[in-house]
>>> print(open('final-v6.txt').read())   # compact mmCIF, C-alpha atoms and all ligand atoms
# COMPACT_ATOMS: atom_id res chain seq x y z
CA MET A 236 156.21 136.49 98.88
CA LYS A 237 153.68 135.94 96.11
CA LYS A 238 150.89 138.52 95.82
CA ASP A 239 147.27 137.34 95.53
CA LEU A 240 144.20 139.43 94.78
CA LEU A 241 141.24 137.70 96.40
CA SER A 242 139.53 140.83 97.74
CA VAL A 243 139.72 144.44 96.66
CA SER A 244 140.56 145.14 100.32
CA ALA A 245 143.92 143.40 99.82
CA LEU A 246 145.00 146.69 98.21
CA SER A 247 145.71 150.00 99.89
CA ARG A 248 144.23 153.26 98.62
CA LYS A 249 147.65 154.13 97.20
CA GLU A 250 147.92 150.80 95.36
CA ILE A 251 144.46 151.30 93.83
CA GLU A 252 145.43 154.79 92.67
CA GLN A 253 148.68 153.42 91.19
CA LEU A 254 146.79 150.67 89.37
CA ILE A 255 144.40 153.22 87.85
CA GLU A 256 147.32 155.44 86.77
CA GLN A 257 149.19 152.48 85.30
CA ALA A 258 146.07 151.25 83.46
CA LEU A 259 145.52 154.73 82.02
CA ARG A 260 149.15 154.89 80.84
CA MET A 261 148.83 151.45 79.24
CA LYS A 262 145.54 152.42 77.59
CA GLN A 263 146.94 155.67 76.17
CA LYS A 264 150.46 154.61 75.23
CA GLY A 265 150.18 150.87 74.57
CA VAL A 266 152.21 148.19 76.33
CA GLN A 267 155.55 146.45 76.06
CA ALA A 268 156.10 142.72 76.40
CA LEU A 269 156.53 143.00 80.18
CA LEU A 270 155.28 139.46 80.78
CA SER A 271 157.10 137.77 77.93
CA GLY A 272 157.08 133.98 78.38
CA LYS A 273 154.67 134.09 81.34
CA THR A 274 151.55 131.95 81.47
CA LEU A 275 148.24 132.64 83.20
CA ALA A 276 145.81 129.81 83.95
CA LEU A 277 142.14 130.78 83.68
CA LEU A 278 140.47 128.30 86.01
CA PHE A 279 136.72 128.85 85.69
CA GLU A 280 133.83 127.09 87.45
CA LYS A 281 131.24 129.44 85.91
CA PRO A 282 130.61 130.94 82.46
CA SER A 283 132.22 134.22 81.39
CA LEU A 284 132.50 136.55 78.40
CA ARG A 285 134.28 139.70 79.62
CA THR A 286 136.57 138.22 82.27
CA ARG A 287 137.80 135.36 80.16
CA VAL A 288 138.38 137.39 76.99
CA SER A 289 139.94 140.39 78.75
CA PHE A 290 142.37 138.30 80.81
CA ASP A 291 143.35 136.24 77.78
CA LEU A 292 143.99 139.40 75.73
CA ALA A 293 145.68 141.21 78.61
CA ILE A 294 148.38 138.58 79.09
CA HIS A 295 148.73 138.10 75.33
CA GLN A 296 149.28 141.85 74.76
CA LEU A 297 151.91 141.81 77.52
CA GLY A 298 153.84 139.08 75.72
CA GLY A 299 152.58 136.05 77.65
CA HIS A 300 149.73 133.66 77.10
CA ALA A 301 146.68 132.18 78.82
CA ILE A 302 145.42 128.63 79.20
CA TYR A 303 141.67 128.36 79.72
CA LEU A 304 140.54 125.48 81.92
CA SER A 305 136.83 124.78 81.79
CA PRO A 306 134.83 123.45 84.77
CA ASP A 307 134.35 120.05 83.16
CA GLU A 308 138.03 119.57 82.42
CA VAL A 309 139.34 120.24 85.91
CA GLY A 310 136.46 119.29 88.20
CA LEU A 311 137.83 121.43 91.06
CA GLY A 312 137.22 119.53 94.29
CA ARG A 313 135.42 116.72 92.44
CA ARG A 314 137.83 115.14 89.99
CA GLU A 315 140.77 116.44 91.98
CA ALA A 316 141.25 118.00 95.43
CA ILE A 317 141.60 121.81 95.34
CA PRO A 318 145.03 121.85 97.10
CA ASP A 319 146.37 119.32 94.57
CA VAL A 320 145.13 121.41 91.62
CA ALA A 321 146.86 124.45 93.15
CA ARG A 322 150.16 122.62 93.64
CA VAL A 323 150.15 121.15 90.14
CA LEU A 324 149.24 124.41 88.38
CA SER A 325 151.91 126.28 90.38
CA ARG A 326 154.52 124.07 88.73
CA TYR A 327 153.38 125.02 85.21
CA VAL A 328 152.08 128.60 85.25
CA ASN A 329 153.02 132.02 86.65
CA GLY A 330 149.56 133.02 87.87
CA ILE A 331 146.03 131.67 88.29
CA ALA A 332 142.89 133.72 87.66
CA ALA A 333 140.07 131.67 89.15
CA ARG A 334 136.30 132.07 88.97
CA THR A 335 134.65 129.96 91.64
CA PHE A 336 131.25 129.38 93.22
CA SER A 337 132.51 129.49 96.79
CA HIS A 338 135.02 132.10 97.97
CA GLN A 339 136.41 129.35 100.21
CA THR A 340 137.64 127.55 97.08
CA LEU A 341 139.75 130.62 96.22
CA LEU A 342 141.17 130.75 99.74
CA ILE A 343 142.24 127.10 99.48
CA LEU A 344 143.70 127.64 96.01
CA ALA A 345 145.69 130.63 97.26
CA GLU A 346 146.90 128.81 100.35
CA HIS A 347 148.30 125.89 98.35
CA SER A 348 149.54 127.76 95.31
CA SER A 349 153.04 129.20 95.08
CA VAL A 350 152.01 131.62 92.29
CA PRO A 351 149.61 134.60 92.56
CA VAL A 352 145.90 133.77 92.60
CA ILE A 353 143.46 136.38 91.27
CA ASN A 354 139.76 136.36 92.10
CA ALA A 355 138.01 136.39 88.73
CA LEU A 356 134.66 136.38 90.61
CA SER A 357 133.46 134.37 93.58
CA ASP A 358 130.19 134.39 95.53
CA LEU A 359 131.75 137.00 97.86
CA GLU A 360 133.59 139.47 95.61
CA HIS A 361 134.41 140.57 92.07
CA PRO A 362 137.51 142.75 92.57
CA CYS A 363 138.68 142.88 88.93
CA GLN A 364 135.31 144.22 87.82
CA VAL A 365 135.29 146.87 90.49
CA LEU A 366 138.89 148.01 89.99
CA SER A 367 138.07 148.45 86.28
CA ASP A 368 134.94 150.36 87.29
CA LEU A 369 137.04 152.73 89.39
CA LEU A 370 139.14 153.36 86.28
CA THR A 371 135.95 154.16 84.31
CA ILE A 372 134.65 156.48 87.03
CA TYR A 373 138.03 158.24 87.27
CA GLU A 374 138.15 158.71 83.47
CA LYS A 375 134.66 160.18 83.39
CA LYS A 376 134.68 162.25 86.59
CA GLY A 377 138.36 163.01 87.14
CA ARG A 378 138.26 161.87 90.76
CA LEU A 379 136.90 159.23 93.11
CA ALA A 380 136.92 160.74 96.60
CA GLY A 381 133.78 162.69 97.44
CA LEU A 382 131.61 161.13 94.69
CA THR A 383 128.48 159.23 95.71
CA LEU A 384 127.76 155.83 94.20
CA ALA A 385 124.23 154.44 94.62
CA PHE A 386 123.90 150.69 94.19
CA ILE A 387 120.36 149.47 93.57
CA GLY A 388 119.62 145.79 94.13
CA ASP A 389 121.21 142.66 95.49
CA GLY A 390 123.94 142.89 98.15
CA ASN A 391 126.02 140.52 96.04
CA ASN A 392 129.67 139.96 95.04
CA VAL A 393 129.82 143.13 92.91
CA ALA A 394 128.14 145.21 95.64
CA HIS A 395 130.62 143.88 98.22
CA SER A 396 133.67 144.80 96.15
CA LEU A 397 132.17 148.21 95.31
CA LEU A 398 131.48 148.95 98.97
CA LEU A 399 135.02 147.98 99.98
CA ALA A 400 136.58 149.92 97.10
CA ALA A 401 134.48 153.01 97.88
CA SER A 402 135.43 152.82 101.56
CA LEU A 403 139.09 152.61 100.64
CA THR A 404 139.10 155.45 98.13
CA GLY A 405 136.86 157.99 99.88
CA MET A 406 133.77 157.52 97.71
CA ASN A 407 130.39 157.60 99.43
CA PHE A 408 128.36 154.43 99.01
CA ARG A 409 124.60 154.02 99.27
CA ILE A 410 122.81 150.74 98.72
CA ALA A 411 119.10 150.06 98.36
CA SER A 412 118.29 146.36 98.81
CA PRO A 413 115.12 144.51 99.72
CA LEU A 414 114.89 142.87 103.12
CA GLY A 415 116.87 139.62 103.17
CA TYR A 416 119.16 140.64 100.28
CA GLU A 417 121.40 143.14 102.05
CA ILE A 418 125.19 143.15 101.90
CA LYS A 419 126.94 140.76 104.29
CA LYS A 420 127.52 142.05 107.85
CA GLN A 421 131.19 141.05 107.71
CA VAL A 422 131.77 143.19 104.59
CA LEU A 423 129.81 146.09 106.06
CA ASN A 424 131.86 146.03 109.26
CA GLN A 425 135.12 145.87 107.35
CA SER A 426 134.01 148.78 105.15
CA ARG A 427 132.97 150.92 108.13
CA GLU A 428 136.42 150.37 109.57
CA LEU A 429 138.08 151.43 106.29
CA ALA A 430 135.77 154.43 105.99
CA THR A 431 137.03 155.87 109.27
CA SER A 432 140.34 156.66 107.53
CA SER A 433 139.00 157.64 104.10
CA GLY A 434 135.98 159.67 105.22
CA SER A 435 133.52 157.70 103.04
CA GLN A 436 129.90 157.75 104.10
CA ILE A 437 128.01 154.45 103.93
CA GLU A 438 124.21 154.42 103.87
CA LEU A 439 121.84 151.47 103.72
CA THR A 440 118.19 151.77 102.77
CA ALA A 441 115.35 149.72 101.31
CA GLU A 442 114.24 152.66 99.09
CA PRO A 443 115.82 152.88 95.61
CA GLY A 444 114.75 156.55 95.29
CA GLU A 445 116.47 157.45 98.55
CA ALA A 446 119.73 155.88 97.40
CA ALA A 447 119.63 157.38 93.89
CA LYS A 448 118.84 160.95 95.03
CA GLU A 449 121.60 163.35 93.89
CA ALA A 450 124.02 160.44 93.32
CA ASP A 451 126.98 160.77 90.91
CA ILE A 452 126.76 157.14 89.84
CA VAL A 453 123.80 154.77 89.74
CA TYR A 454 124.95 151.16 89.61
CA THR A 455 122.99 147.94 89.42
CA ASP A 456 123.60 144.24 88.79
CA VAL A 457 121.49 141.16 88.12
CA TRP A 458 118.98 140.03 90.73
CA THR A 459 119.99 136.39 90.25
CA SER A 460 123.73 135.77 90.15
CA MET A 461 125.40 132.73 88.63
CA GLY A 462 124.75 129.75 90.89
CA GLN A 463 121.43 131.15 92.21
CA GLU A 464 119.31 130.15 89.21
CA ALA A 465 116.97 127.99 91.33
CA GLU A 466 115.94 131.14 93.24
CA ALA A 467 115.26 133.23 90.13
CA GLU A 468 111.46 133.34 90.48
CA LYS A 469 111.57 134.15 94.20
CA ARG A 470 114.13 136.87 93.51
CA ARG A 471 112.08 138.43 90.69
CA LEU A 472 109.29 138.94 93.23
CA ALA A 473 111.56 140.22 95.99
CA PHE A 474 113.25 142.73 93.67
CA SER A 475 110.17 144.07 91.88
CA GLY A 476 110.34 147.82 92.50
CA TYR A 477 114.14 147.77 92.29
CA GLN A 478 114.42 148.16 88.52
CA VAL A 479 116.66 151.00 87.36
CA ASP A 480 114.85 153.01 84.69
CA ASP A 481 114.90 156.59 83.36
CA LYS A 482 112.65 157.73 86.19
CA LEU A 483 114.96 156.42 88.92
CA LEU A 484 118.03 157.70 87.07
CA SER A 485 116.44 161.18 86.87
CA LEU A 486 116.61 161.42 90.68
CA ALA A 487 120.40 161.32 90.48
CA LYS A 488 122.52 164.30 89.41
CA GLY A 489 121.97 165.45 85.81
CA ASP A 490 125.42 164.21 84.81
CA ALA A 491 125.23 160.94 86.78
CA LEU A 492 126.72 157.82 85.22
CA PHE A 493 124.75 154.61 84.86
CA MET A 494 126.85 151.50 85.44
CA HIS A 495 126.33 147.72 85.24
CA PRO A 496 128.99 144.97 85.14
CA LEU A 497 127.05 142.95 82.49
CA PRO A 498 125.59 140.55 81.54
CA ALA A 499 122.30 142.43 81.99
CA HIS A 500 118.79 141.03 82.16
CA HIS A 501 116.80 143.59 80.17
CA GLY A 502 113.37 144.16 81.69
CA GLU A 503 114.46 142.88 85.10
CA GLU A 504 117.06 144.98 86.94
CA ILE A 505 117.12 147.52 84.08
CA SER A 506 114.38 148.87 81.82
CA ALA A 507 114.44 147.76 78.19
CA ARG A 508 116.73 150.41 76.63
CA LEU A 509 118.68 151.72 79.60
CA LEU A 510 122.03 150.50 78.26
CA ASP A 511 121.57 152.93 75.36
CA SER A 512 120.94 155.92 77.62
CA PRO A 513 123.46 158.76 77.08
CA GLN A 514 124.32 158.35 80.77
CA SER A 515 125.22 154.67 80.37
CA VAL A 516 128.93 153.82 80.47
CA VAL A 517 128.48 150.05 80.59
CA PHE A 518 130.49 149.30 77.45
CA ASP A 519 133.33 151.54 78.63
CA GLN A 520 133.29 149.49 81.82
CA ALA A 521 133.61 146.29 79.79
CA ALA A 522 136.43 147.81 77.69
CA ASN A 523 138.35 148.91 80.76
CA ARG A 524 138.53 145.35 82.10
CA LEU A 525 141.35 144.80 79.58
CA HIS A 526 143.39 147.85 80.59
CA LEU A 527 143.03 147.52 84.34
CA GLN A 528 143.83 143.79 84.23
CA LYS A 529 147.00 144.48 82.25
CA ALA A 530 148.12 146.81 85.05
CA LEU A 531 147.09 144.21 87.62
CA LEU A 532 148.95 141.36 85.92
CA ALA A 533 152.09 143.51 85.73
CA LYS A 534 151.76 144.30 89.43
CA LEU A 535 151.20 140.72 90.55
CA LEU A 536 153.32 138.72 88.11
CA LEU A 537 156.45 140.88 88.00
CA PRO A 538 158.94 141.00 90.87
CA THR A 539 158.11 143.83 93.32
CA ASN A 540 161.25 145.82 92.51
CA SER A 541 160.75 145.75 88.72
CA GLY A 542 159.48 149.33 89.05
CA VAL A 543 156.57 148.81 86.66
CA ALA A 544 153.73 148.66 89.11
CA SER A 545 154.92 151.41 91.38
CA LYS A 546 155.81 154.05 88.79
N1 LIG B 601 131.25 141.38 84.19
C1 LIG B 601 131.75 140.14 84.05
O1 LIG B 601 132.53 139.67 84.89
O2 LIG B 601 131.35 139.49 82.96
P1 LIG B 601 131.59 137.94 82.61
O3 LIG B 601 130.81 137.16 83.62
O4 LIG B 601 131.07 137.77 81.21
O5 LIG B 601 133.05 137.66 82.73
N1 LIG B 602 126.63 139.20 90.31
C1 LIG B 602 126.87 138.61 89.02
C2 LIG B 602 128.01 139.28 88.36
C3 LIG B 602 128.37 138.78 87.00
C4 LIG B 602 129.54 139.50 86.41
C5 LIG B 602 127.12 137.12 89.17
O1 LIG B 602 127.82 136.74 90.11
O2 LIG B 602 126.61 136.35 88.36
>>> encode(input="final-v6.txt", output="C-alpha cells", more="lines below")
Ligand code: CP
Ligand code: NVA
Amino acid sequence: MKKDLLSVSALSRKEIEQLIEQALRMKQKGVQALLSGKTLALLFEKPSLRTRVSFDLAIHQLGGHAIYLSPDEVGLGRREAIPDVARVLSRYVNGIAARTFSHQTLLILAEHSSVPVINALSDLEHPCQVLSDLLTIYEKKGRLAGLTLAFIGDGNNVAHSLLLAASLTGMNFRIASPLGYEIKKQVLNQSRELATSSGSQIELTAEPGEAAKEADIVYTDVWTSMGQEAEAEKRRLAFSGYQVDDKLLSLAKGDALFMHPLPAHHGEEISARLLDSPQSVVFDQAANRLHLQKALLAKLLLPTNSGVASK
C-alpha cells in the first residue's frame, strides 16, 4: 500500500513523534543516500519559495532528485485531466508533492496515483509546514504536550493543520478569528474528537488578546492566502485589529515564541519589525522544512520495513 500525506491527521501521535526524532537525527548527524535513484515530482499550481526549494534539496541530499512542474506546463485539469496526470506521473516518478488550489484536486491525484502523494499546500491544509513547525517548537521548548499555541487570524490551511496537529500531540490550541473567517466546522469536529484522547484543550474566540494571554506560542499567517487575492481589500478591513505586534506578544508568556510560516505581509498581519523580535523563530521554521521533509520522504518513499522511518 502506498502512503500519502494529504492531511496531518493521516499520522498518529506516535508517527509524528518519530518524524520529529528522525528529522532531528538527520539535522544533527547528516543523511545517507537513502533515496538514491528516486525521483520526486513537484507539481505546483501556486507559487512557492520554501516548499519548492526545501523539497528539491531534501530529495537531492538523500541521493534522489526532483522535477519541478510549473502550473503552465501541466495545466492540471485544464490541459489534461487530473486522473490522467496522476497515472502518467506514477509511471515515471516515485512520489508527487503537489501544491493545489482545491484540496479536491489532491484527493483525485492520490486516488489515481500509484505512488505517494504529499500535500505541499492546498486550500484546506499545509501539513508539511506544520510538521516542520512541531519540530521547531520541540527544539525550542523540549516538548509539545501541555504547551498552548495561540493562532491569531484567518482560519485557513495553516490554522487547520496546526489545530489537527495540536489535537493529536496534546498541545492546547486557541484561535482568535473575526466573524466569518473561523476554522472550518469539519476540521473543528475532527480535532475535538482527536483531543478526547490527547487531552488538548481547544478554544475559539474573536479576541486576539484573549487567545494570546499566557500562551507559549503566538502564531499568525497572512490574511489573504494564495488564490484569495480578489478579496484582499475586504479582508484587510475584516482583520484590522488582528495584527500581531509587540503589545499583543507581551500578553503571552515572557519566553513565548512568535511563529509565522512566511511569506509575511509586513504591516498587515504583523507589525513592521516583528520578524526581528528576539522571540521570533520564523527563519528556524523555514530552515526546518528541509529537515522534516527529509524524514517525511524517507518515511513515505522507502518500503515500510526498511527500518529508517520507525527507528
Ligand atoms: N511557508 C511556505 O509554504 O512557503 P512557500 O509558499 O514559499 O513554499
Ligand atoms: N495561508 C497561506 C500560507 C502560505 C505558506 C497561503 O495559503 O497562501
>>> closest_residue(input="final-v6.txt", among="A:Ile343, A:Ala276, A:Cys363, A:Leu324", to="ligand LIG 602 (chain B)", atoms="all atoms listed in the file")
A:Cys363
>>> residues_near_ligand(input="final-v6.txt", ligand="ligand LIG 602 (chain B)", cutoff="9 Å", atoms="all atoms listed in the file", output="number ranges by chain")
A: 281-283, 285-286, 336, 356-361, 364, 389, 391-394, 456-463, 495-499
>>> axis_aligned_box(input="final-v6.txt", around="stretch 533-539 of chain A", padding_each_side="5 Å", output="AutoDock Vina command-line options")
--center_x 155.1 --center_y 141.5 --center_z 89.5 --size_x 17.7 --size_y 15.6 --size_z 17.6
>>> atom_distance(input="final-v6.txt", atom1="atom CA of A:Leu240", atom2="atom CA of A:Gly388")
25.4 Å
>>> atom_distance(input="final-v6.txt", atom1="atom CA of A:Leu254", atom2="atom CA of A:Leu297")
15.7 Å
>>> residues_around(input="final-v6.txt", residues="stretch 526-537 of chain A", least_positions_apart="5", cutoff="8 Å", atoms="all atoms listed in the file", output="JSON, numbers by chain")
{"A": [237, 238, 239, 254, 255, 257, 258, 259, 261, 262, 269, 270, 289, 290, 293, 294, 297, 329, 330, 351, 363, 366, 367, 370, 543, 544]}
>>> atom_distance(input="final-v6.txt", atom1="atom CA of A:Glu417", atom2="atom CA of A:Leu439")
8.5 Å
>>> closest_residue(input="final-v6.txt", among="A:Val422, A:Val365, A:Ala321, A:Leu344", to="ligand LIG 601 (chain B)", atoms="only C-alpha atoms and all ligand atoms")
A:Val365
>>> closest_residue(input="final-v6.txt", among="A:Asp451, A:Glu503, A:Asp480, A:Glu468", to="A:Phe408", atoms="only C-alpha atoms")
A:Asp451
>>> closest_residue(input="final-v6.txt", among="A:Leu414, A:Leu284, A:Leu510, A:Leu342", to="A:Ala473", atoms="all atoms listed in the file")
A:Leu414
>>> closest_residue(input="final-v6.txt", among="A:Ser244, A:Glu445, A:Gly312, A:Tyr327", to="A:Leu275", atoms="all atoms listed in the file")
A:Tyr327
>>> residues_near_point(input="final-v6.txt", point="(148.2, 129.7, 86.7)", cutoff="10 Å", atoms="all atoms listed in the file", output="VMD selection string")
chain A and resid 273 to 278 301 to 304 321 323 to 333 348 to 353
>>> closest_residue(input="final-v6.txt", among="A:Glu308, A:Glu256, A:Glu280, A:Glu504", to="ligand LIG 601 (chain B)", atoms="only C-alpha atoms and all ligand atoms")
A:Glu280
>>> residues_around(input="final-v6.txt", residues="A:Thr404", least_positions_apart="2", cutoff="6 Å", atoms="only C-alpha atoms", output="PDB file with C-alpha atoms, keeping the file's coordinate frame")
ATOM      1  CA  ARG A 248     144.230 153.260  98.620  1.00  0.00           C
ATOM      2  CA  ALA A 380     136.920 160.740  96.600  1.00  0.00           C
ATOM      3  CA  ALA A 401     134.480 153.010  97.880  1.00  0.00           C
ATOM      4  CA  SER A 402     135.430 152.820 101.560  1.00  0.00           C
ATOM      5  CA  MET A 406     133.770 157.520  97.710  1.00  0.00           C
TER       6      MET A 406
END
>>> residues_around(input="final-v6.txt", residues="A:Ile505", least_positions_apart="2", cutoff="7 Å", atoms="only C-alpha atoms", output="PyMOL selection string")
chain A and resi 478-480+500-503+507+509
>>> residues_around(input="final-v6.txt", residues="A:Tyr454", least_positions_apart="5", cutoff="7 Å", atoms="only C-alpha atoms", output="PyMOL selection string")
chain A and resi 385-387+493-495
>>> write_last_selection(input="final-v6.txt", atoms="C-alpha atoms", output="mmCIF file, in the coordinates of the input")
data_model
loop_
_atom_site.group_PDB
_atom_site.id
_atom_site.type_symbol
_atom_site.label_atom_id
_atom_site.label_comp_id
_atom_site.auth_asym_id
_atom_site.auth_seq_id
_atom_site.Cartn_x
_atom_site.Cartn_y
_atom_site.Cartn_z
ATOM 1 C CA ALA A 385 124.230 154.440 94.620
ATOM 2 C CA PHE A 386 123.900 150.690 94.190
ATOM 3 C CA ILE A 387 120.360 149.470 93.570
ATOM 4 C CA PHE A 493 124.750 154.610 84.860
ATOM 5 C CA MET A 494 126.850 151.500 85.440
ATOM 6 C CA HIS A 495 126.330 147.720 85.240
#
>>> build_atoms(input="final-v6.txt", residues="stretch 508-518 of chain A", atoms="all heavy atoms", output="mmCIF file, keeping the file's coordinate frame")
data_model
loop_
_atom_site.group_PDB
_atom_site.id
_atom_site.type_symbol
_atom_site.label_atom_id
_atom_site.label_comp_id
_atom_site.auth_asym_id
_atom_site.auth_seq_id
_atom_site.Cartn_x
_atom_site.Cartn_y
_atom_site.Cartn_z
ATOM 1 N N ARG A 508 115.673 149.771 77.445
ATOM 2 C CA ARG A 508 116.730 150.410 76.630
ATOM 3 C C ARG A 508 117.734 151.210 77.461
ATOM 4 O O ARG A 508 118.437 152.065 76.941
ATOM 5 C CB ARG A 508 116.092 151.303 75.562
ATOM 6 C CG ARG A 508 115.697 150.508 74.325
ATOM 7 C CD ARG A 508 114.996 151.373 73.297
ATOM 8 N NE ARG A 508 113.736 151.887 73.801
ATOM 9 C CZ ARG A 508 112.610 151.188 73.841
ATOM 10 N NH1 ARG A 508 112.577 149.953 73.401
ATOM 11 N NH2 ARG A 508 111.510 151.726 74.318
ATOM 12 N N LEU A 509 117.823 150.894 78.736
ATOM 13 C CA LEU A 509 118.680 151.720 79.600
ATOM 14 C C LEU A 509 120.158 151.692 79.201
ATOM 15 O O LEU A 509 120.869 152.682 79.365
ATOM 16 C CB LEU A 509 118.530 151.300 81.076
ATOM 17 C CG LEU A 509 118.992 152.373 82.045
ATOM 18 C CD1 LEU A 509 118.057 153.575 82.053
ATOM 19 C CD2 LEU A 509 119.128 151.819 83.453
ATOM 20 N N LEU A 510 120.607 150.577 78.647
ATOM 21 C CA LEU A 510 122.030 150.500 78.260
ATOM 22 C C LEU A 510 122.363 151.524 77.181
ATOM 23 O O LEU A 510 123.515 151.902 77.017
ATOM 24 C CB LEU A 510 122.392 149.095 77.759
ATOM 25 C CG LEU A 510 122.291 147.934 78.748
ATOM 26 C CD1 LEU A 510 122.945 146.686 78.161
ATOM 27 C CD2 LEU A 510 122.928 148.253 80.094
ATOM 28 N N ASP A 511 121.344 151.944 76.429
ATOM 29 C CA ASP A 511 121.570 152.930 75.360
ATOM 30 C C ASP A 511 121.405 154.372 75.830
ATOM 31 O O ASP A 511 121.559 155.298 75.033
ATOM 32 C CB ASP A 511 120.582 152.683 74.197
ATOM 33 C CG ASP A 511 120.765 151.291 73.624
ATOM 34 O OD1 ASP A 511 121.921 150.885 73.466
ATOM 35 O OD2 ASP A 511 119.757 150.612 73.370
ATOM 36 N N SER A 512 121.088 154.560 77.097
ATOM 37 C CA SER A 512 120.940 155.920 77.620
ATOM 38 C C SER A 512 122.251 156.678 77.461
ATOM 39 O O SER A 512 123.337 156.097 77.582
ATOM 40 C CB SER A 512 120.560 155.825 79.111
ATOM 41 O OG SER A 512 121.051 156.945 79.809
ATOM 42 N N PRO A 513 122.197 157.989 77.178
ATOM 43 C CA PRO A 513 123.460 158.760 77.080
ATOM 44 C C PRO A 513 124.266 158.715 78.371
ATOM 45 O O PRO A 513 125.471 158.949 78.356
ATOM 46 C CB PRO A 513 122.986 160.190 76.790
ATOM 47 C CG PRO A 513 121.515 160.157 76.659
ATOM 48 C CD PRO A 513 121.000 158.790 76.931
ATOM 49 N N GLN A 514 123.607 158.413 79.484
ATOM 50 C CA GLN A 514 124.320 158.350 80.770
ATOM 51 C C GLN A 514 124.995 156.996 81.007
ATOM 52 O O GLN A 514 125.788 156.843 81.929
ATOM 53 C CB GLN A 514 123.345 158.651 81.907
ATOM 54 C CG GLN A 514 122.974 160.117 81.966
ATOM 55 C CD GLN A 514 121.805 160.359 82.909
ATOM 56 O OE1 GLN A 514 120.655 160.412 82.480
ATOM 57 N NE2 GLN A 514 122.099 160.488 84.189
ATOM 58 N N SER A 515 124.686 156.016 80.156
ATOM 59 C CA SER A 515 125.220 154.670 80.370
ATOM 60 C C SER A 515 126.678 154.569 79.932
ATOM 61 O O SER A 515 127.032 154.959 78.826
ATOM 62 C CB SER A 515 124.363 153.675 79.565
ATOM 63 O OG SER A 515 125.048 152.455 79.438
ATOM 64 N N VAL A 516 127.516 154.031 80.815
ATOM 65 C CA VAL A 516 128.930 153.820 80.470
ATOM 66 C C VAL A 516 129.276 152.336 80.526
ATOM 67 O O VAL A 516 130.433 151.958 80.711
ATOM 68 C CB VAL A 516 129.866 154.648 81.390
ATOM 69 C CG1 VAL A 516 129.648 156.142 81.170
ATOM 70 C CG2 VAL A 516 129.687 154.299 82.866
ATOM 71 N N VAL A 517 128.277 151.489 80.359
ATOM 72 C CA VAL A 517 128.480 150.050 80.590
ATOM 73 C C VAL A 517 129.501 149.434 79.625
ATOM 74 O O VAL A 517 130.263 148.553 80.019
ATOM 75 C CB VAL A 517 127.152 149.255 80.534
ATOM 76 C CG1 VAL A 517 126.223 149.654 81.669
ATOM 77 C CG2 VAL A 517 126.446 149.427 79.221
ATOM 78 N N PHE A 518 129.534 149.916 78.382
ATOM 79 C CA PHE A 518 130.490 149.300 77.450
ATOM 80 C C PHE A 518 131.901 149.823 77.661
ATOM 81 O O PHE A 518 132.876 149.126 77.379
ATOM 82 C CB PHE A 518 129.987 149.432 75.998
ATOM 83 C CG PHE A 518 128.668 148.715 75.813
ATOM 84 C CD1 PHE A 518 127.488 149.419 75.665
ATOM 85 C CD2 PHE A 518 128.621 147.325 75.863
ATOM 86 C CE1 PHE A 518 126.268 148.747 75.552
ATOM 87 C CE2 PHE A 518 127.404 146.643 75.757
ATOM 88 C CZ PHE A 518 126.227 147.360 75.600
#
